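The structure under discussion appears below in the form of structure tokens.
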Amino acid sequence: MNINKIVIIGATSSIAHQTALLFAREGVSFVLAGRNQNRLDACAKDLQARGAKNVSTLIMDAANPSDGKLLFEQSLMTLGEIDLLYIAHGSLTDQARANKDTGYALEEFMVNFNSAVGYAMTFAEYFEKRQMGNIAVLSSVAGDRGRGSNYIYGAAKGGLSIFLQGLRNRLAKSGVNVLTIKPGFVDTPMTADVPKNPLFAKPEVIAKGIYSAIKNGKDVIYLPWFWRWIMLIVRMVPERIFKKMSL
Amino acid sequence: MKTYQSWGRYPKFIPHKVIRPNWRDEITLPLPAEYLCYGLGRSYGDSCLNSTGTLIDTTELSKIIRFNPETGLLCCEAGLSIAEILKEYMPHGWFVPVTPGTKFITIGGAIANDIHGKNHHRAGNFGNHVSRFELLRSTGERFICSRSENPDLFSATIGGLGLTGMITWAEFQMKKISSPIIECENIKFGTIDEFLALSAVSDARFEYSVAWVDCASSGRKLGRGIFMQGNHKSSDNPSFKWQGNQIPFPFEAPDMMLTSLTVKAFNLLYYNKQVSKIQHTDVDFDPFFYPLDKIHNWNKMYGKRGFLQYQMVIPFESGSKVLFEILRKIADAREGSFLAVLKTFGNIQAAGMMSFPRPGITLALDFGFNGERTLKLLENLDAIVRECGGAVYPAKDARMSNESFKRYFPRYEEFSKYIDPNFSSDFWKRVTTSQKI
Ligand SMILES: Cc1cc2nc3c(=O)[nH]c(=O)nc-3n(C[C@H](O)[C@H](O)[C@H](O)COP(=O)(O)OP(=O)(O)OC[C@H]3O[C@@H](n4cnc5c(N)ncnc54)[C@H](O)[C@@H]3O)c2cc1C
Ligand SMILES: NC(=O)c1ccc[n+]([C@@H]2O[C@H](COP(=O)([O-])OP(=O)(O)OC[C@H]3O[C@@H](n4cnc5c(N)ncnc54)[C@H](OP(=O)(O)O)[C@@H]3O)[C@@H](O)[C@H]2O)c1
């Protein structure tokens with residue numbers, strides 16, 4: 001199907017913006033949702049100057065996702081119809097802090113899991129009725145196995161992947177595509193403080209993979225591709241050994 | 001992973017600290033610290049390096065702010081590259097007003113070195129086409145600079161080597177072109193005087209011109225070369241295919257690769273490619289402007305030792321005699337250069353107080369770094385350039401002396417007043433510290 005109208009939640013994310021640039025050249029219209037108006041405006045102008053048809057912005061906060069319904073209604077009003085919901089927001093949890101501060105850990109769940117589920121569910125109803133549409137969501141390889149250094153973020157992303165799997169199963173009957181995106185390390189503001197290693201990919205490279213996976217109606221995609229095999233091995237390590245490793 | 005070398009990979013550099021801002025309005029420059037912007041590192045020497053300070057990697061600041069498709073006025077963040085701009089706007093018939101020999105440079109870099117291209121005789125430097133930019137100073141102040149607002153800071157920043165602060169965004173005039181194809185004429189010449197004659201005739205008829213000169217030969221052959229001139233093809237459909245793919249140069253070549261013998265063979269080959277005396281060809285803009293971009297890391301061909309580039313301009317009055325002397329010094333030293341590019345600069349007044357281009361003849365050469373031998377040769381060339389009132393290009397320099405710098409850039413004291421006290425570069429520290437030559 002042609003994708004002409006796109007809603008991006010967490011549109012100021014580096015990966016999301018790079019993906020949006022690829023669609024902008026095709027003259028699509030966007031609703032960009034995020035929590036920082038000034039950043040949203042910068043993204044909107046950039047897309048506009050690179051060929052997007054109409055771009056408008058909406059304020060949302062994933063820490064307070066009760067605005068999901070409103071966000072959907074406003075998006076639909078602005079665009080008339082919606083072909084793609086792309087959920088990109090996320091927060092790399094400070095695990096050390098979460099170990100001591102349960103409140104914080106649960107807030108992180110709200111941002112990385114609950115909010116995304118809420119948005120996807122709201123839009124799913126619309127797509128289901130319309131009998132077409134696409135939902136693409138940024139999960140992570142971190143959700144493939146729990147690690148001591150990153151399990152709050154990992155659990156949220158893991159939950160998100162399972163949720164998307166179920167949603168896909170439900171919506172497949174209505175001709176709606178659900179794409180689970182699992183990037184490995186990506187060099188973006190989120191990982192600014194993570195020491196870089198050669199496995200880090202550039203967001204524009206990840207974006208190309210996402211763009212073509214959406215276009216081709218894929219289900220689950222690891223980006224870059226080699227993470228599928230890395231995670232296969234990581235998942236295969238017996239728990240009795242895995243628990244002794246510091247990862 | 002990014003190593004923040006300069007293009008010549010000499011001098012060797014390890015960054016002390018790097019920051020990489022993402023949002024132009026949110027940048028803060030905490031003090032105490034000493035800053036320098038680093039764009040795409042296409043400067044050859046040490047003007048984009050600061051080994052004790054904090055580099056500001058500008059490449060994430062790559063958003064377009066607005067483009068007027070009627071007038072071609074483009075406003076964008078300073079880390080946007082020419083390659084990205086061409087990808088976006090060439091299919092609509094717009095080209096950058098001035099381009100260097102690589103498309104992998106940022107707009108911030110284009111302004112800070114007030115870069116020139118093959119159309120200098122028609123268009124001047126990049127700065128001549130810049131209408132406004134924002135300059136962020138270490139005090140946190142932001143100045144809009146143009147010919148009418150903060151005009152001093154405007155002209156100090158154009159060609160200001162990144163020392164006046166950080167350019168966050170800039171607005172400049174793109175150029176409407178009739179085609180991405182260049183109708184190109186290649187003409188063999190036998191002497192520098194022939195080159196000057198060709199150049200003088202070409203300027204009125206051709207938008208772009210440049211020459212390649214053989215400086216590895218000796219005796220009578222010295223000074224021969226190929227003059228290339230071109231215009232955008234008229235009546236052509238400006239839709240074209242974008243060739244983004246590059247062949248990466250995957251490893252460092254052994255140091256043997258560029259002996260004077262191979263360079264000589266290369267030069268001969270290049271020269272003899274010309275079958276008849278004048279050759280007409282249609283060339284795509286990419287190979288015409290950016291022949292070296294095809295091989296991504298061609299700078300690694302020089303191996304671990306790195307290389308130097310030497311670009312100087314000498315006034316027309318000194319003419320072919322001085323140029324010939326320089327070529328002979330290079331040939332005699334057998335420090336054969338891989339590429340020797342020759343061009344005349346026109347007399348359009350530069351917008352920057354420190355801009356390098358000035359009316360005259362400019363020659364650019366690469367030298368594999370062979371320690372003292374290379375440095376000595378270049379210092380000897382400097383002596384000639386100083387003597388005749390010429391200049392050497394800081395964007396390509398890693399070794400000019402304090403004395404040379406002052407002679408080449410007589411307005412440097414005036415310029416110093418506009419430097420941000422918390423910005424500096426290895427280049428600047430080097431050329432403002434007296435040293436023995
Ligand atoms: C193959 C090749 C061909 C070339 N041909 C030409 C040519 O024909 N003509 C020509 O003029 N040059 C030429 N150059 C040199 C090149 O165009 C300049 O060195 C240019 O400035 C490089 O831009 P950059 O973005 O890589 O900047 P860098 O090399 O990273 O930095 C250059 C300078 O710009 C400053 N700077 C960068 N961004 C900012 C900012 N946002 N605010 C303030 N200061 C900033 C830096 O501090 C530094 O002083 C060539 C280089 C190569 C590798
Ligand atoms: N980078 C990686 O290595 C990597 C790997 C795998 C998966 N991912 C996932 O990819 C997605 C995009 O991340 P990125 O790498 O592009 O990083 P990024 O550029 O830092 O983007 C993170 C985005 O999340 C938004 N966000 C964070 N908390 C929010 C909140 N409470 N409400 C609304 N928005 C919020 C940010 O908004 P502001 O601009 O307002 O801060 C920003 O748009 C995330 O879901 C991330 O988990 C990233």
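Chain identifiers are assigned as A, B, and so on, following the order in which chains appear in the structure tokens; residues are numbered from 1 within each chain, and ligands are numbered from 1 in order of appearance.
With only C-alpha atoms taken into account, the protein and nucleic acid residues at most 10 Å from Tyr222 in chain A (excluding it and anything under 5 positions from it in its own chain) are Ser139, Ser140, Val141, Thr180, Ile181, Lys182, Pro183, Gly184, Ile206, Gly209, Ile210, Trp227, Arg228, Trp229 and Met231 of chain A.
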With N, CA, C and O atoms retained, write the just-selected residues as a compact mmCIF listing (two decimals), in the first residue's frame.
```txt
# COMPACT_ATOMS: atom_id res chain seq x y z
N SER A 139 11.44 -1.36 19.23
CA SER A 139 11.76 -2.14 20.41
C SER A 139 13.29 -2.18 20.48
O SER A 139 13.93 -1.20 20.08
N SER A 140 13.87 -3.27 20.91
CA SER A 140 15.33 -3.32 20.99
C SER A 140 15.81 -4.75 21.15
O SER A 140 15.08 -5.60 21.68
N VAL A 141 17.05 -5.00 20.74
CA VAL A 141 17.65 -6.31 21.01
C VAL A 141 17.75 -6.55 22.52
O VAL A 141 17.80 -7.69 22.97
N THR A 180 7.95 -4.98 14.27
CA THR A 180 8.76 -4.86 15.48
C THR A 180 10.20 -4.59 15.05
O THR A 180 10.79 -5.41 14.33
N ILE A 181 10.74 -3.46 15.47
CA ILE A 181 12.10 -3.10 15.06
C ILE A 181 13.05 -3.34 16.22
O ILE A 181 12.85 -2.80 17.31
N LYS A 182 14.07 -4.15 15.98
CA LYS A 182 15.04 -4.43 17.04
C LYS A 182 16.43 -3.99 16.63
O LYS A 182 17.21 -4.79 16.10
N PRO A 183 16.76 -2.74 16.90
CA PRO A 183 18.13 -2.30 16.59
C PRO A 183 19.11 -2.78 17.65
O PRO A 183 18.72 -3.04 18.79
N GLY A 184 20.36 -2.91 17.26
CA GLY A 184 21.45 -3.13 18.22
C GLY A 184 21.92 -1.77 18.71
O GLY A 184 21.10 -0.87 18.90
N ILE A 206 20.28 2.58 10.15
CA ILE A 206 19.13 1.90 10.77
C ILE A 206 17.85 2.36 10.07
O ILE A 206 16.96 1.55 9.77
N GLY A 209 16.98 0.63 6.87
CA GLY A 209 16.44 -0.70 7.11
C GLY A 209 14.98 -0.62 7.53
O GLY A 209 14.15 -1.44 7.10
N ILE A 210 14.67 0.34 8.39
CA ILE A 210 13.29 0.48 8.86
C ILE A 210 12.38 0.85 7.69
O ILE A 210 11.31 0.28 7.51
N TRP A 227 22.62 -8.60 14.05
CA TRP A 227 22.12 -8.74 15.43
C TRP A 227 21.19 -9.94 15.58
O TRP A 227 21.05 -10.48 16.67
N ARG A 228 20.56 -10.36 14.50
CA ARG A 228 19.72 -11.55 14.57
C ARG A 228 20.56 -12.74 15.05
O ARG A 228 20.14 -13.51 15.91
N TRP A 229 21.78 -12.83 14.51
CA TRP A 229 22.65 -13.96 14.84
C TRP A 229 23.31 -13.77 16.18
O TRP A 229 23.45 -14.71 16.95
N MET A 231 22.01 -12.23 18.70
CA MET A 231 21.00 -12.48 19.72
C MET A 231 20.62 -13.96 19.79
O MET A 231 20.29 -14.46 20.86
```
Identify, counting only C-alpha atoms and all ligand atoms, the protein, DNA and RNA residues located within 6 Å of ligand 2, and give them as a list in words.
-> Gly10, Ala11, Thr12, Ser13, Ser14, Ile15, Gly34, Arg35, Asn36, Asp61, Ala62, Ala63, Ala88, His89, Gly90, Ser91, Val111, Leu138, Ser139, Ser140, Pro183, Gly184, Phe185, Val186, Asp187, Thr188, Pro189, Met190 and Thr191 of chain A
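A straight line drawn from CA of Ser320 in chain B to CA of Phe367 in chain B is 22.1 Å long.
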Could you list, as a ChimeraX atom specification, all the residues within 8 Å of ligand 1, counting only C-alpha atoms and all ligand atoms?
-> /B:6-7,36-44,47-49,58,78-79,81,99-102,104-118,125,135,157,160-169,290,292-293,395-396,425
12 Å contact set for Lys417 in chain B, only C-alpha atoms, chain neighbours under 2 positions out, as a ChimeraX atom specification = /B:152-153,156-157,160,163-164,353,411-415,419-421
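Across A:Tyr126, A:Phe163, A:Phe113, A:Phe200, the tightest approach to chain B is made by A:Phe200 when counting only C-alpha atoms.
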Could you give me, as an NGL selection string, the residues within 9 Å of Ala96 in chain A, counting only C-alpha atoms and dropping anything in the same chain fewer than 4 positions from it?
-> :A and (100-101 or 149-150)
At most 6 Å to chain A: residues in chain B, only C-alpha atoms, as a PyMOL selection string | chain B and resi 63-67
Contact residues around range 219-230 of chain B with only C-alpha atoms at 7 Å, ignoring same-chain residues under 5 positions, as a PyMOL selection string | chain B and resi 182-192+206-214+271+324
Keeping only C-alpha atoms, write the selected residues to a file as a compact mmCIF listing (two decimals), in the first residue's frame.
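Saved the output as out.txt:
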```txt
# COMPACT_ATOMS: atom_id res chain seq x y z
CA ILE B 182 29.29 19.70 -17.61
CA GLU B 183 30.35 20.32 -21.17
CA CYS B 184 34.03 20.09 -20.77
CA GLU B 185 36.99 21.01 -22.94
CA ASN B 186 40.42 19.62 -22.16
CA ILE B 187 43.42 21.29 -23.73
CA LYS B 188 47.06 20.29 -23.51
CA PHE B 189 49.56 23.00 -22.76
CA GLY B 190 53.32 22.86 -22.86
CA THR B 191 54.38 25.73 -20.65
CA ILE B 192 53.16 27.90 -17.80
CA PHE B 206 33.72 29.29 -19.15
CA GLU B 207 32.23 29.17 -15.70
CA TYR B 208 34.66 26.54 -14.46
CA SER B 209 38.33 26.10 -15.12
CA VAL B 210 41.27 24.30 -13.60
CA ALA B 211 44.48 22.75 -14.83
CA TRP B 212 46.60 19.82 -13.94
CA VAL B 213 50.29 20.35 -14.20
CA ASP B 214 53.04 17.78 -14.40
CA TYR B 271 49.09 13.57 -19.55
CA PHE B 324 58.46 27.79 -12.84
```
Close residues, Glu403 in chain B itself excluded, 8 Å, only C-alpha atoms, min 3 positions apart in chain, as number ranges by chain | B: 406-407, 431, 434
Please produce an output containing N, CA and C atoms for each residue in the selection, written as a compact mmCIF listing (two decimals), in the first residue's frame.
```txt
# COMPACT_ATOMS: atom_id res chain seq x y z
N LYS B 406 52.31 35.77 9.21
CA LYS B 406 52.10 37.22 9.33
C LYS B 406 52.25 37.94 8.00
N ARG B 407 53.16 37.45 7.20
CA ARG B 407 53.34 38.06 5.88
C ARG B 407 52.16 37.76 4.96
N VAL B 431 50.99 29.19 14.63
CA VAL B 431 51.41 30.35 13.81
C VAL B 431 51.47 31.64 14.61
N SER B 434 56.19 32.43 18.13
CA SER B 434 57.42 32.57 17.35
C SER B 434 58.21 31.28 17.43
```
Between CA of Phe23 in chain A and CA of Cys76 in chain B, measure the distance and give it in Å to one decimal.
-> 19.7 Å
Closest to Ile6 in chain A among A:Gln18, A:Asn112, A:Ser29, A:Ser174, using only C-alpha atoms?
-> A:Ser29
